[in-house]
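Trainee: Below you'll find the structure I mean.
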Amino acid sequence: MGGGEIMADAEVIEELYRTALPRLCGYGFLLTGSEAEGEEMVQAAIVKTFSRWRRIDDVHSAEAYVRAAMRTLTIDAARRATRWRRAMHTLVERGGEDVEAAIAGSDEVAAAIRDLPPRVRVAVALRYLDDLTVAETAERMGLTEGAVKKYLHTARERLGPWHEALDAEDTDDDQVRVTEAEGRRAR
Amino acid sequence: MTGDLLTELESHGAAMAGRLGPEGAAAARGRIAKVRRRRAAGVVAVLVPVLGLGGWFLGTSSRASNIQPAHTDPTAVQISYDEPLEPQVQQAIVAGDHDAMRKLFELGAYPLHIPVEGQYYVESAVARCDLEALTILDDVGARRAPVSDISFDVAIEPAVTTCGADVVEHVLETSPVEIDQVEVMSMAASRGEPDVVTLLARRGYPLEVPGEWSALDDAARAGEHRAVAVLLEEGADPTVVIDGVPLAELVDREGTPVEIVDAIRAAAGVEG
């Protein structure tokens, strides 16, 4: 890839798979709590990103677009699931077995991630993998800072020991008990 | 329990990349090319009749006479009587060979065939936005819902997000499952063509669920200017409140393109 040349899409895709795939897969794992679903999400997000007739000049921009597409897929899937559960509540209420957990396996960190609501996973991804501030995360998600802090607090509670290393770099959110509604009122 | 989250993500990411990497790029390129071809075909399907009519209207008969109506010239599928018929149906669908499809079903191809891998017949037809193939499949009673989940219609999402209004209308009218109208409108608003949004709105699909959801919000978050315009034209409420936040304020916070925010604010009568 030389001298500021614009890489053709195919080259950007190859480069993306060569250099960014583990990071994207880790991102997918955080958003889904499942290796299999995470892999599918990465593939779907890459297809979605490059199917648009937009020019993506370099692999760094491509990775950012793909991550954004993955977050959108997470939120959209959650919305669909919520509506589906609402429509099918009688059937869902009959089932006591956690089918998702059975499929995903017994990995403890995967189980802990799956226990997080999808928006909390997105907040954690933006805050800790995309290295955004709480304010930037809030802006990106269309929420108040209070709501994001609440999400991160939830993540800290449910991820337990896996969150300790993140805690060290995140003193801002400690002891936060702000509800989303309160956060909105505060604006 | 040991380890921290970032280390765990790195470890899982590496394992996943190891599986996905070798064939992932090629598979993704193939799927991207397919989606782009479908989009390009959609543009051609609109432009060819428009150009043809324009030429006729201007009286340029010599040039107009060179414009032929859309003509399908499918790769003829050679039917083999010694091979299983079901994979040949799949080939015929992919090739757009409707005559071969009809012939294969006449010969006894099983319409409820479950593919070992790959797509159901209907999925393949919808992927090509091939209305005639869909009609043939519906006539023979081809499977629309996977065995694992009979309440899910495999045709709906690809139709709504990649095809035009004619195919979407057919898929919705013939769907064997109870359709979640909010979900379908949400898909169309964020990923569908404007004519599909118009179709759904005029068929009474919901434009918002006050307090919870708005198709305008979905279209705005996806940056779909045309869908936002269509939704406003069809009567979507720009003053709706979602989770306690007025829509105009919500889309502004979501990093929506400024022209969309302005359009919604103007429609809602909110001053900038």
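Just remember, in the structure tokens the first chain shown is A, the second B, etc., residues are 1-based per chain, and ligands are 1-based in the order shown.
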Near chain B, which residues of chain A fall within 7 Å when you count only C-alpha atoms, and what do they look like as a list in words?

Mentor: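 Filtering chain A at 7 Å from chain B with only C-alpha atoms gives Ile13, Glu14, Tyr17, Leu21, Pro22, Arg23, Cys25, Gly26, Phe29, Leu30, Glu35, Glu39, Gln43, Val47, Phe50, Ser51, Arg80, Glu139, Arg140, Met141, Gly142, Pro161, Trp162, His163, Glu164 and Ala165 of chain A.
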
Trainee: Hey, what's within 6 Å of range 191-203 of chain B if we count only C-alpha atoms and toss same-chain stuff fewer than 5 positions away? As a PyMOL selection string, please?

Mentor: chain B and resi 160-161+165+227

Trainee: Provide the CA of Leu152 in chain A to CA of Glu212 in chain B distance in Å, to one decimal place.

Mentor: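 One can read the CA of Leu152 in chain A to CA of Glu212 in chain B distance as 22.9 Å.
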
Trainee: Give me the residues near Val122 in chain B as a list in words, where near means some atom within 8 Å (using only C-alpha atoms) and where sequence neighbours in that chain fewer than 5 positions away do not count.

Mentor: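 In the requested format, the answer is Leu134, Leu137, Ala142, Arg143, Arg144, Val154 and Ala155 of chain B.
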
Trainee: When you count only C-alpha atoms, which of these residues is closest to Val168 in chain B: B:Ala109, B:Cys129, B:Ile150, B:Ala189?

Mentor: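 The closest residue to Val168 in chain B is B:Cys129.
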
Trainee: If you run DSSP on this backbone, which residues of range 104-267 of chain B come out as alpha helix (DSSP H), and could you give them as a PyMOL selection string?

Mentor: chain B and resi 104-106+121-127+131-140+156-162+165-174+181-191+194-202+215-221+225-233+247-253+258-267

Trainee: Calculated over only C-alpha atoms, which of the candidates A:Lys149, A:Arg71, A:Arg158, A:His60 has the smallest distance to Leu116 in chain A?

Mentor: A:Arg158

Trainee: Could you give me, as a VMD selection string, the residues within 12 Å of Glu15 in chain A, counting only C-alpha atoms and dropping anything in the same chain fewer than 3 positions from it?

Mentor: (chain A and resid 1 7 to 12 18 to 21 57 to 63) or (chain B and resid 21 25)

Trainee: Save the residues we just selected, C-alpha atoms, as a compact mmCIF listing (two decimals), in the first residue's frame?

Mentor:
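Resulting contents of result_3.txt:
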```txt
# COMPACT_ATOMS: atom_id res chain seq x y z
CA MET A 1 0.00 0.00 0.00
CA MET A 7 -6.79 1.29 -1.50
CA ALA A 8 -9.41 -0.45 -3.53
CA ASP A 9 -12.18 -2.01 -1.42
CA ALA A 10 -10.83 -5.51 -1.92
CA GLU A 11 -7.44 -4.46 -0.63
CA VAL A 12 -8.94 -2.69 2.37
CA ARG A 18 -5.11 -9.42 8.13
CA THR A 19 -4.59 -6.75 10.77
CA ALA A 20 -7.83 -5.99 12.61
CA LEU A 21 -9.68 -9.29 12.77
CA ASP A 57 -9.83 4.83 2.02
CA ASP A 58 -7.94 3.02 4.72
CA VAL A 59 -8.16 0.15 7.13
CA HIS A 60 -8.45 2.36 10.22
CA SER A 61 -11.59 4.03 8.89
CA ALA A 62 -12.89 0.64 7.84
CA GLU A 63 -12.43 -0.76 11.33
CA GLY B 21 -9.64 -15.50 9.01
CA ALA B 25 -12.29 -12.36 3.59
```

Trainee: Just the residues within 12 Å of Arg121 in chain A, please, counting only C-alpha atoms, with nothing from its chain fewer than 6 positions along; format it as a VMD selection string.

Mentor: chain A and resid 27 to 33 70 to 72 74 to 75 78 110 112 to 115 127 to 129 137 141 148 151 to 156 158 to 159
